[in-house]
file coords_23.cif (mmCIF, C-alpha atoms and all ligand atoms)
data_work
#
loop_
_atom_site.group_PDB
_atom_site.id
_atom_site.type_symbol
_atom_site.label_atom_id
_atom_site.label_comp_id
_atom_site.auth_asym_id
_atom_site.auth_seq_id
_atom_site.Cartn_x
_atom_site.Cartn_y
_atom_site.Cartn_z
ATOM 1 C CA MET A 843 166.905 126.407 149.639
ATOM 2 C CA ALA A 844 164.496 124.289 147.575
ATOM 3 C CA ASP A 845 165.492 120.729 146.651
ATOM 4 C CA ASP A 846 167.321 120.524 143.363
ATOM 5 C CA PRO A 847 167.845 117.064 141.836
ATOM 6 C CA ASN A 848 170.847 118.364 139.878
ATOM 7 C CA ILE A 849 172.629 120.122 142.673
ATOM 8 C CA LEU A 850 175.163 117.349 143.331
ATOM 9 C CA ASP A 851 176.179 117.201 139.676
ATOM 10 C CA THR A 852 176.470 120.960 139.638
ATOM 11 C CA VAL A 853 178.647 121.054 142.742
ATOM 12 C CA ILE A 854 180.877 118.188 141.627
ATOM 13 C CA SER A 855 181.432 119.701 138.206
ATOM 14 C CA TRP A 856 182.276 123.056 139.687
ATOM 15 C CA LEU A 857 184.697 121.565 142.206
ATOM 16 C CA GLU A 858 186.438 119.554 139.515
ATOM 17 C CA LYS A 859 186.864 122.634 137.371
ATOM 18 C CA GLU A 860 188.316 124.584 140.268
ATOM 19 C CA LYS A 861 190.704 121.712 141.000
ATOM 20 C CA ARG A 862 191.827 121.575 137.366
ATOM 21 C CA GLN A 863 192.591 125.267 137.597
ATOM 22 C CA GLY A 864 194.834 124.642 140.581
ATOM 23 C CA ARG A 865 192.562 125.700 143.393
ATOM 24 C CA ARG A 866 193.052 123.738 146.581
ATOM 25 C CA ARG A 867 190.903 125.520 149.178
ATOM 26 C CA ILE A 868 187.152 126.252 149.131
ATOM 27 C CA ARG A 869 185.547 128.339 151.834
ATOM 28 C CA LEU A 870 182.131 126.988 152.845
ATOM 29 C CA SER A 871 179.244 128.378 154.822
ATOM 30 C CA ALA A 872 178.501 126.840 158.216
ATOM 31 C CA GLY A 873 175.424 125.152 156.748
ATOM 32 C CA ALA A 874 177.419 123.632 153.895
ATOM 33 C CA GLN A 875 180.057 122.390 156.331
ATOM 34 C CA ARG A 876 177.354 120.608 158.331
ATOM 35 C CA VAL A 877 176.043 118.935 155.187
ATOM 36 C CA PHE A 878 179.540 117.799 154.195
ATOM 37 C CA ALA A 879 180.221 116.514 157.716
ATOM 38 C CA GLU A 880 177.052 114.407 157.613
ATOM 39 C CA THR A 881 177.566 113.128 154.060
ATOM 40 C CA LYS A 882 180.692 111.421 152.735
ATOM 41 C CA PRO A 883 180.241 110.924 148.988
ATOM 42 C CA SER A 884 182.530 108.448 147.252
ATOM 43 C CA ALA A 885 185.208 109.802 144.969
ATOM 44 C CA GLY A 886 184.074 107.407 142.247
ATOM 45 C CA ALA A 887 180.588 108.816 142.246
ATOM 46 C CA ALA A 888 181.978 112.276 141.856
ATOM 47 C CA ARG A 889 184.123 111.354 138.894
ATOM 48 C CA SER A 890 181.295 109.665 137.006
ATOM 49 C CA ALA A 891 178.938 112.595 137.321
ATOM 50 C CA PRO A 892 178.073 114.383 134.070
ATOM 51 C CA ALA A 893 178.832 118.033 133.724
ATOM 52 C CA PRO A 894 175.804 120.168 134.481
ATOM 53 C CA GLY A 895 174.157 121.344 131.355
ATOM 54 C CA GLY A 896 176.910 119.798 129.332
ATOM 55 C CA THR A 897 174.866 116.959 127.875
ATOM 56 C CA PRO A 898 171.764 117.237 125.735
ATOM 57 C CA GLY A 899 169.678 115.330 128.258
ATOM 58 C CA GLY A 900 170.900 117.267 131.297
ATOM 59 C CA SER A 901 168.383 119.567 132.832
ATOM 60 C CA GLY A 902 171.286 121.830 133.593
ATOM 61 C CA ARG A 903 171.618 124.590 136.078
ATOM 62 C CA ASP A 904 169.007 126.301 138.067
ATOM 63 C CA ALA A 905 169.004 130.011 138.538
ATOM 64 C CA HIS A 906 171.637 129.854 141.245
ATOM 65 C CA ALA A 907 174.014 127.373 139.699
ATOM 66 C CA PRO A 908 177.579 128.475 139.013
ATOM 67 C CA VAL A 909 177.735 130.347 135.773
ATOM 68 C CA GLY A 910 180.186 129.581 133.002
ATOM 69 C CA THR A 911 183.755 130.657 133.249
ATOM 70 C CA ALA A 912 183.771 134.391 133.095
ATOM 71 C CA ARG A 913 186.257 136.170 130.976
ATOM 72 C CA SER A 914 187.995 139.416 131.486
ATOM 73 C CA PRO A 915 186.888 141.983 128.945
ATOM 74 C CA ASP A 916 189.384 142.730 126.233
ATOM 75 C CA ARG A 917 191.699 145.520 127.158
ATOM 76 C CA PRO A 918 191.438 148.537 124.868
ATOM 77 C CA THR A 919 194.533 149.659 123.072
ATOM 78 C CA ALA A 920 193.847 153.365 123.415
ATOM 79 C CA THR A 921 192.615 155.328 126.383
ATOM 80 C CA PRO A 922 190.612 158.372 125.338
ATOM 81 C CA SER A 923 189.735 160.610 128.217
ATOM 82 C CA TYR A 924 186.981 162.994 129.107
ATOM 83 C CA ARG A 925 188.455 165.745 131.228
ATOM 84 C CA HIS A 926 191.182 166.515 133.734
ATOM 85 C CA THR A 927 193.601 164.658 131.530
ATOM 86 C CA ALA A 928 196.515 166.226 133.344
ATOM 87 C CA THR A 929 195.431 164.592 136.581
ATOM 88 C CA PRO A 930 196.656 161.042 136.955
ATOM 89 C CA VAL A 931 193.843 158.600 137.479
ATOM 90 C CA PRO A 932 194.599 156.419 140.478
ATOM 91 C CA ALA A 933 194.525 152.711 139.896
ATOM 92 C CA PRO A 934 191.292 151.199 141.117
ATOM 93 C CA ALA A 935 191.317 149.333 144.362
ATOM 94 C CA PRO A 936 191.293 145.594 143.855
ATOM 95 C CA ALA A 937 187.843 144.091 143.684
ATOM 96 C CA LEU A 938 186.921 142.205 146.775
ATOM 97 C CA GLN A 939 187.162 138.514 146.196
ATOM 98 C CA HIS A 940 183.872 136.781 146.559
ATOM 99 C CA GLU A 941 185.118 134.028 148.823
ATOM 100 C CA THR A 942 186.393 136.546 151.362
ATOM 101 C CA ARG A 943 183.577 139.058 151.289
ATOM 102 C CA ASN A 944 180.666 136.668 151.421
ATOM 103 C CA ALA A 945 181.980 133.665 153.232
ATOM 104 C CA GLN A 946 179.288 133.653 155.862
ATOM 105 C CA HIS A 947 176.490 134.055 153.330
ATOM 106 C CA ALA A 948 177.619 131.832 150.492
ATOM 107 C CA THR A 949 176.233 128.420 149.826
ATOM 108 C CA VAL A 950 177.941 125.999 147.494
ATOM 109 C CA SER A 951 175.470 126.586 144.681
ATOM 110 C CA ASP A 952 175.758 130.343 145.041
ATOM 111 C CA ILE A 953 179.482 130.596 144.447
ATOM 112 C CA PRO A 954 180.123 132.037 140.986
ATOM 113 C CA SER A 955 182.865 130.518 138.904
ATOM 114 C CA ASP A 956 184.709 133.798 138.422
ATOM 115 C CA LEU A 957 186.703 134.598 141.516
ATOM 116 C CA SER A 958 189.320 136.603 139.681
ATOM 117 C CA MET A 959 190.293 140.165 140.313
ATOM 118 C CA LEU A 960 189.165 142.749 137.786
ATOM 119 C CA ASP A 961 191.576 145.391 136.541
ATOM 120 C CA LEU A 962 189.712 148.231 134.840
ATOM 121 C CA ALA A 963 192.437 150.858 134.961
ATOM 122 C CA ALA A 964 192.695 151.075 131.159
ATOM 123 C CA TYR A 965 188.989 151.593 130.590
ATOM 124 C CA THR A 966 187.317 154.907 129.949
ATOM 125 C CA LEU A 967 183.713 156.005 130.071
ATOM 126 C CA GLU A 968 183.633 155.336 126.333
ATOM 127 C CA THR A 969 185.053 151.808 126.454
ATOM 128 C CA LEU A 970 183.729 150.574 129.785
ATOM 129 C CA PRO A 971 180.070 150.120 128.684
ATOM 130 C CA ALA A 972 181.097 147.506 126.118
ATOM 131 C CA ALA A 973 183.054 145.625 128.762
ATOM 132 C CA VAL A 974 180.041 145.688 131.052
ATOM 133 C CA ALA A 975 177.760 144.506 128.242
ATOM 134 C CA ALA A 976 179.987 141.439 127.793
ATOM 135 C CA CYS A 977 180.270 140.757 131.513
ATOM 136 C CA LYS A 978 179.461 137.370 133.031
ATOM 137 C CA ARG A 979 181.032 137.912 136.425
ATOM 138 C CA CYS A 980 177.873 137.071 138.315
ATOM 139 C CA ARG A 981 174.707 135.073 137.751
ATOM 140 C CA LEU A 982 172.666 138.159 136.873
ATOM 141 C CA HIS A 983 173.942 138.011 133.305
ATOM 142 C CA ALA A 984 171.892 134.832 132.822
ATOM 143 C CA LEU A 985 168.757 135.605 134.787
ATOM 144 C CA GLY A 986 166.714 137.408 132.187
ATOM 145 C CA ARG A 987 168.382 140.763 131.744
ATOM 146 C CA THR A 988 167.484 142.434 128.437
ATOM 147 C CA ARG A 989 170.586 144.597 128.424
ATOM 148 C CA THR A 990 173.096 146.039 130.820
ATOM 149 C CA VAL A 991 172.356 149.486 132.212
ATOM 150 C CA PHE A 992 175.484 151.604 132.529
ATOM 151 C CA SER A 993 174.777 155.247 133.324
ATOM 152 C CA ASP A 994 172.952 158.444 132.532
ATOM 153 C CA GLY A 995 173.966 162.072 132.706
ATOM 154 C CA SER A 996 177.110 164.101 132.374
ATOM 155 C CA PRO A 997 180.584 162.503 132.430
ATOM 156 C CA THR A 998 181.921 165.743 133.912
ATOM 157 C CA ALA A 999 179.265 166.033 136.611
ATOM 158 C CA ARG A 1000 180.052 167.548 139.980
ATOM 159 C CA LEU A 1001 177.403 165.353 141.583
ATOM 160 C CA MET A 1002 176.997 161.592 141.167
ATOM 161 C CA PHE A 1003 174.064 159.489 142.333
ATOM 162 C CA ILE A 1004 174.567 155.780 142.893
ATOM 163 C CA GLY A 1005 171.558 153.518 143.230
ATOM 164 C CA GLU A 1006 170.969 149.806 143.517
ATOM 165 C CA GLY A 1007 170.276 148.239 140.113
ATOM 166 C CA PRO A 1008 168.005 148.307 137.085
ATOM 167 C CA GLY A 1009 164.300 147.568 137.343
ATOM 168 C CA ALA A 1010 161.973 146.566 134.539
ATOM 169 C CA ASP A 1011 161.809 150.019 132.916
ATOM 170 C CA GLU A 1012 165.556 150.498 133.131
ATOM 171 C CA ASP A 1013 166.176 147.022 131.728
ATOM 172 C CA ALA A 1014 163.879 147.804 128.804
ATOM 173 C CA GLN A 1015 165.412 151.195 128.019
ATOM 174 C CA GLY A 1016 169.027 150.669 129.071
ATOM 175 C CA VAL A 1017 168.992 153.834 131.175
ATOM 176 C CA PRO A 1018 169.098 153.977 134.978
ATOM 177 C CA PHE A 1019 166.283 155.556 136.980
ATOM 178 C CA VAL A 1020 163.632 155.993 134.290
ATOM 179 C CA GLY A 1021 160.689 154.252 136.021
ATOM 180 C CA ALA A 1022 158.520 155.723 138.730
ATOM 181 C CA ALA A 1023 161.423 155.882 141.174
ATOM 182 C CA GLY A 1024 163.570 157.467 138.498
ATOM 183 C CA GLN A 1025 160.974 160.120 137.844
ATOM 184 C CA LEU A 1026 160.988 160.939 141.534
ATOM 185 C CA LEU A 1027 164.791 161.136 141.447
ATOM 186 C CA THR A 1028 164.539 163.557 138.535
ATOM 187 C CA ARG A 1029 162.193 165.749 140.574
ATOM 188 C CA MET A 1030 164.589 165.586 143.525
ATOM 189 C CA ILE A 1031 167.461 166.685 141.269
ATOM 190 C CA GLU A 1032 165.409 169.551 139.887
ATOM 191 C CA ALA A 1033 164.442 170.580 143.418
ATOM 192 C CA MET A 1034 168.190 170.931 143.995
ATOM 193 C CA ARG A 1035 168.190 173.508 141.165
ATOM 194 C CA LEU A 1036 170.025 171.137 138.863
ATOM 195 C CA LYS A 1037 169.078 169.462 135.630
ATOM 196 C CA ARG A 1038 169.143 165.699 135.372
ATOM 197 C CA GLY A 1039 171.615 165.987 132.509
ATOM 198 C CA GLU A 1040 174.025 167.862 134.761
ATOM 199 C CA VAL A 1041 174.502 165.001 137.210
ATOM 200 C CA TYR A 1042 175.820 161.466 136.682
ATOM 201 C CA ILE A 1043 173.668 158.484 137.624
ATOM 202 C CA ALA A 1044 174.763 154.872 137.976
ATOM 203 C CA ASN A 1045 173.922 151.735 139.918
ATOM 204 C CA ILE A 1046 175.852 149.156 141.882
ATOM 205 C CA VAL A 1047 174.737 146.293 139.609
ATOM 206 C CA LYS A 1048 174.343 146.762 135.887
ATOM 207 C CA CYS A 1049 171.990 143.846 135.239
ATOM 208 C CA ARG A 1050 168.402 143.635 136.411
ATOM 209 C CA PRO A 1051 167.933 141.176 139.281
ATOM 210 C CA PRO A 1052 164.947 138.925 138.571
ATOM 211 C CA GLY A 1053 161.703 140.221 139.964
ATOM 212 C CA ASN A 1054 163.447 143.450 140.931
ATOM 213 C CA ARG A 1055 164.838 141.743 144.002
ATOM 214 C CA THR A 1056 167.681 143.293 145.932
ATOM 215 C CA PRO A 1057 171.042 142.230 144.480
ATOM 216 C CA LEU A 1058 172.667 139.500 146.517
ATOM 217 C CA GLU A 1059 175.823 140.461 148.309
ATOM 218 C CA ASP A 1060 178.106 138.545 145.979
ATOM 219 C CA GLU A 1061 176.390 140.053 142.928
ATOM 220 C CA GLY A 1062 177.010 143.546 144.269
ATOM 221 C CA GLY A 1063 180.592 142.618 145.071
ATOM 222 C CA ALA A 1064 181.170 141.235 141.586
ATOM 223 C CA CYS A 1065 179.830 144.382 139.921
ATOM 224 C CA LEU A 1066 181.386 146.907 142.294
ATOM 225 C CA PRO A 1067 184.607 147.461 140.284
ATOM 226 C CA TYR A 1068 182.585 148.952 137.440
ATOM 227 C CA VAL A 1069 181.004 151.696 139.512
ATOM 228 C CA GLN A 1070 184.326 152.281 141.258
ATOM 229 C CA ARG A 1071 185.875 152.899 137.862
ATOM 230 C CA GLN A 1072 182.970 155.192 136.942
ATOM 231 C CA VAL A 1073 183.682 157.267 140.052
ATOM 232 C CA GLU A 1074 187.363 157.452 139.138
ATOM 233 C CA LEU A 1075 186.575 158.661 135.656
ATOM 234 C CA VAL A 1076 183.791 161.116 136.459
ATOM 235 C CA LYS A 1077 185.616 162.480 139.504
ATOM 236 C CA PRO A 1078 182.507 163.961 141.115
ATOM 237 C CA GLU A 1079 182.901 166.465 143.908
ATOM 238 C CA VAL A 1080 180.094 164.807 145.848
ATOM 239 C CA ILE A 1081 178.420 161.387 145.703
ATOM 240 C CA VAL A 1082 174.929 160.559 146.944
ATOM 241 C CA VAL A 1083 174.239 156.889 147.670
ATOM 242 C CA LEU A 1084 170.582 155.997 147.347
ATOM 243 C CA GLY A 1085 169.507 153.276 149.735
ATOM 244 C CA ALA A 1086 171.014 150.300 151.485
ATOM 245 C CA THR A 1087 172.710 148.570 148.547
ATOM 246 C CA PRO A 1088 175.173 151.318 147.560
ATOM 247 C CA PHE A 1089 175.527 152.187 151.253
ATOM 248 C CA LEU A 1090 176.804 148.653 151.801
ATOM 249 C CA HIS A 1091 178.885 148.118 148.714
ATOM 250 C CA LEU A 1092 180.488 151.511 148.184
ATOM 251 C CA LEU A 1093 180.931 152.431 151.833
ATOM 252 C CA GLY A 1094 180.853 149.086 153.630
ATOM 253 C CA GLN A 1095 178.078 150.381 155.881
ATOM 254 C CA LYS A 1096 174.839 148.780 157.016
ATOM 255 C CA GLY A 1097 171.709 150.433 158.380
ATOM 256 C CA ILE A 1098 170.612 153.138 155.970
ATOM 257 C CA MET A 1099 167.779 154.221 158.277
ATOM 258 C CA ALA A 1100 170.252 155.236 160.971
ATOM 259 C CA GLY A 1101 173.073 156.052 158.590
ATOM 260 C CA ARG A 1102 171.332 158.472 156.246
ATOM 261 C CA GLY A 1103 171.849 162.183 156.517
ATOM 262 C CA LYS A 1104 175.537 161.851 157.397
ATOM 263 C CA TRP A 1105 178.701 162.439 155.462
ATOM 264 C CA TYR A 1106 181.037 159.593 154.599
ATOM 265 C CA ASP A 1107 184.270 159.428 152.661
ATOM 266 C CA TYR A 1108 184.950 157.416 149.554
ATOM 267 C CA ARG A 1109 188.569 157.815 148.482
ATOM 268 C CA GLY A 1110 188.576 161.483 149.383
ATOM 269 C CA ILE A 1111 185.116 162.230 147.936
ATOM 270 C CA PRO A 1112 182.385 163.273 150.401
ATOM 271 C CA VAL A 1113 179.414 160.923 150.225
ATOM 272 C CA MET A 1114 175.913 161.641 151.494
ATOM 273 C CA ALA A 1115 173.684 158.664 152.288
ATOM 274 C CA THR A 1116 169.946 158.961 151.811
ATOM 275 C CA TYR A 1117 166.899 156.893 150.985
ATOM 276 C CA HIS A 1118 166.297 155.240 147.626
ATOM 277 C CA PRO A 1119 163.493 156.962 145.676
ATOM 278 C CA ALA A 1120 161.610 153.647 145.446
ATOM 279 C CA PHE A 1121 161.480 153.617 149.234
ATOM 280 C CA LEU A 1122 160.235 157.204 149.229
ATOM 281 C CA LEU A 1123 157.422 156.217 146.872
ATOM 282 C CA ARG A 1124 156.265 153.706 149.467
ATOM 283 C CA MET A 1125 157.049 155.874 152.516
ATOM 284 C CA SER A 1126 156.210 159.402 151.480
ATOM 285 C CA GLY A 1127 156.538 160.531 155.099
ATOM 286 C CA LYS A 1128 160.294 160.087 154.740
ATOM 287 C CA LYS A 1129 160.604 162.573 151.893
ATOM 288 C CA ALA A 1130 161.314 165.444 154.273
ATOM 289 C CA GLU A 1131 164.335 163.579 155.642
ATOM 290 C CA ALA A 1132 165.599 162.900 152.139
ATOM 291 C CA TRP A 1133 165.163 166.555 151.221
ATOM 292 C CA ALA A 1134 167.146 167.559 154.298
ATOM 293 C CA ASP A 1135 169.919 165.223 153.122
ATOM 294 C CA LEU A 1136 169.916 166.770 149.652
ATOM 295 C CA GLN A 1137 170.010 170.255 151.111
ATOM 296 C CA GLN A 1138 173.266 169.292 152.806
ATOM 297 C CA VAL A 1139 174.546 168.259 149.390
ATOM 298 C CA MET A 1140 173.471 171.582 147.885
ATOM 299 C CA LYS A 1141 175.338 173.393 150.622
ATOM 300 C CA LYS A 1142 178.441 171.309 150.036
ATOM 301 C CA LEU A 1143 178.309 172.142 146.309
ATOM 302 C CA GLY A 1144 177.622 175.808 146.942
ATOM 303 C CA ILE A 1145 174.175 175.703 145.328
ATOM 304 C CA GLN A 1146 172.054 178.544 146.689
HETATM 305 S S1 LIG B 1 175.463 142.512 137.394
HETATM 306 FE FE1 LIG B 1 177.494 143.362 136.982
HETATM 307 S S2 LIG B 1 178.930 141.711 137.542
HETATM 308 FE FE2 LIG B 1 176.894 140.764 137.307
HETATM 309 S S3 LIG B 1 176.890 140.068 135.145
HETATM 310 FE FE3 LIG B 1 175.922 142.119 135.217
HETATM 311 S S4 LIG B 1 177.608 143.545 134.740
HETATM 312 FE FE4 LIG B 1 178.537 141.575 135.322
#

call {"tool": "encode", "arguments": {"input": "coords_23.cif", "output": "structure tokens"}}
result
Amino acid sequence: MADDPNILDTVISWLEKEKRQGRRRIRLSAGAQRVFAETKPSAGAARSAPAPGGTPGGSGRDAHAPVGTARSPDRPTATPSYRHTATPVPAPAPALQHETRNAQHATVSDIPSDLSMLDLAAYTLETLPAAVAACKRCRLHALGRTRTVFSDGSPTARLMFIGEGPGADEDAQGVPFVGAAGQLLTRMIEAMRLKRGEVYIANIVKCRPPGNRTPLEDEGGACLPYVQRQVELVKPEVIVVLGATPFLHLLGQKGIMAGRGKWYDYRGIPVMATYHPAFLLRMSGKKAEAWADLQQVMKKLGIQ
């Protein structure tokens, strides 16, 4: 990590806030523990430190500093539904807490301030986009996103595709998979004898990571409850995860190269893992494998 002259102020301010909120234990990476073992800052120094970004002269946070206290989106008072209203919607599984999921990867400056659980059971496909648009659960909300990117396609789709996150085109238009990779996905869908508007498309993270980088593990974990709720509401018969990021976050699996082409289970829904279209644009020799994966999906859906 590059040197940051404000990092101590940032850490101290964050720790003080956590302490005020009653938190007494902080899980640290091995590297952070070594730094703390070598350095014993005085309590007085900590208490005199200004809050990061809280004074006009403070240079504030860098891109990885803890973000401001996130808030839970307002709960809607009514719950309109799309279909299958007679079928009870199961409550979403609790979101994984950042400190547990990413303990070995987190550094002090990477830990977001919102470690709360997220209950989305009352949200529908009509109300959830507004909650996502107001979301500050991870640092991606403050790293240059133009808008959140929620979904595309049919809310009653039999088939759902889950990708990684918005790129530049998606960030500009607010629609997932509209750039070059998205155009390839559209052709893949049409090769399956479906129309793009007949399937449902979403991503693991709803905000564009800067430079189109892969979402960090804690960013994916923070955003996961939204796509989990989307799955609950759409109730697809089959899900296709596109690439390593949804393979990891939705299924808890690593190694998409070895793991693709197989069926997995997500809460009773069969899930096929295959390559991300952006990867296929770079590695066109892998398209045949991806097509074989999609043919399995067609068979599962009874598409001749
Ligand atoms: S990526 Fe997801 S969790 Fe992070 S700020 Fe955007 S909507 Fe919230």

call {"tool": "residues_around", "arguments": {"input": "coords_23.cif", "residues": "Met1140 of chain A", "least_positions_apart": "3", "cutoff": "12 Å", "atoms": "all atoms listed in the file", "output": "list of chain:residue names"}}
result
A:Arg1000, A:Leu1001, A:Met1030, A:Ile1031, A:Glu1032, A:Ala1033, A:Met1034, A:Arg1035, A:Leu1036, A:Glu1079, A:Val1080, A:Ile1081, A:Val1082, A:Met1114, A:Trp1133, A:Ala1134, A:Asp1135, A:Leu1136, A:Gln1137, A:Leu1143, A:Gly1144, A:Ile1145, A:Gln1146

call {"tool": "atom_distance", "arguments": {"input": "coords_23.cif", "atom1": "atom CA of Gln1072 of chain A", "atom2": "atom CA of Arg1038 of chain A"}}
result
17.4 Å

call {"tool": "residues_near_ligand", "arguments": {"input": "coords_23.cif", "ligand": "ligand LIG 1 (chain B)", "cutoff": "6 Å", "atoms": "all atoms listed in the file", "output": "MDAnalysis selection string"}}
result
chainID A and resid 974 977:980 982:983 1047:1049 1061 1064:1065

call {"tool": "atom_distance", "arguments": {"input": "coords_23.cif", "atom1": "atom CA of Arg1029 of chain A", "atom2": "atom CA of Glu1074 of chain A"}}
result
26.5 Å

call {"tool": "atom_distance", "arguments": {"input": "coords_23.cif", "atom1": "atom CA of Pro971 of chain A", "atom2": "atom CA of Asp1013 of chain A"}}
result
14.6 Å

call {"tool": "resolve_selection", "arguments": {"input": "coords_23.cif", "expression": "the PyMOL selection byres (((chain A and resi 1118-1126) around 8) and not hetatm)", "output": "PDB file with C-alpha atoms, in the frame of the given file"}}
result
ATOM      1  CA  GLY A1005     171.558 153.518 143.230  1.00  0.00           C
ATOM      2  CA  ALA A1022     158.520 155.723 138.730  1.00  0.00           C
ATOM      3  CA  ALA A1023     161.423 155.882 141.174  1.00  0.00           C
ATOM      4  CA  GLY A1024     163.570 157.467 138.498  1.00  0.00           C
ATOM      5  CA  LEU A1026     160.988 160.939 141.534  1.00  0.00           C
ATOM      6  CA  LEU A1027     164.791 161.136 141.447  1.00  0.00           C
ATOM      7  CA  LEU A1084     170.582 155.997 147.347  1.00  0.00           C
ATOM      8  CA  GLY A1085     169.507 153.276 149.735  1.00  0.00           C
ATOM      9  CA  ALA A1086     171.014 150.300 151.485  1.00  0.00           C
ATOM     10  CA  THR A1116     169.946 158.961 151.811  1.00  0.00           C
ATOM     11  CA  TYR A1117     166.899 156.893 150.985  1.00  0.00           C
ATOM     12  CA  GLY A1127     156.538 160.531 155.099  1.00  0.00           C
ATOM     13  CA  LYS A1128     160.294 160.087 154.740  1.00  0.00           C
ATOM     14  CA  LYS A1129     160.604 162.573 151.893  1.00  0.00           C
TER      15      LYS A1129
END

call {"tool": "axis_aligned_box", "arguments": {"input": "coords_23.cif", "around": "segment 1080-1091 of chain A", "padding_each_side": "6 Å", "output": "lines of an AutoDock Vina configuration file"}}
result
center_x = 174.8
center_y = 156.5
center_z = 148.8
size_x = 22.6
size_y = 28.7
size_z = 18.1

call {"tool": "closest_residue", "arguments": {"input": "coords_23.cif", "among": "A:Gly1009, A:Gly1101, A:Pro1067, A:Pro1018", "to": "Phe992 of chain A", "atoms": "all atoms listed in the file"}}
result
A:Pro1018

call {"tool": "closest_residue", "arguments": {"input": "coords_23.cif", "among": "A:Gly1110, A:Gly1094, A:Gly1103, A:Pro1008", "to": "Val1073 of chain A", "atoms": "only C-alpha atoms"}}
result
A:Gly1110

call {"tool": "closest_residue", "arguments": {"input": "coords_23.cif", "among": "A:Gln1070, A:Gln1095, A:Asn1045, A:Gln1138", "to": "Arg1109 of chain A", "atoms": "only C-alpha atoms"}}
result
A:Gln1070

call {"tool": "resolve_selection", "arguments": {"input": "coords_23.cif", "expression": "the PyMOL selection byres (((chain A and resi 993) around 7) and not hetatm)", "output": "list in words"}}
result
Val991, Phe992, Asp994, Gly995, Val1017, Pro1018, Ile1043 and Ala1044 of chain A

call {"tool": "closest_residue", "arguments": {"input": "coords_23.cif", "among": "A:Thr966, A:Ala975, A:Arg1055, A:Ile1046", "to": "Phe1089 of chain A", "atoms": "only C-alpha atoms"}}
result
A:Ile1046
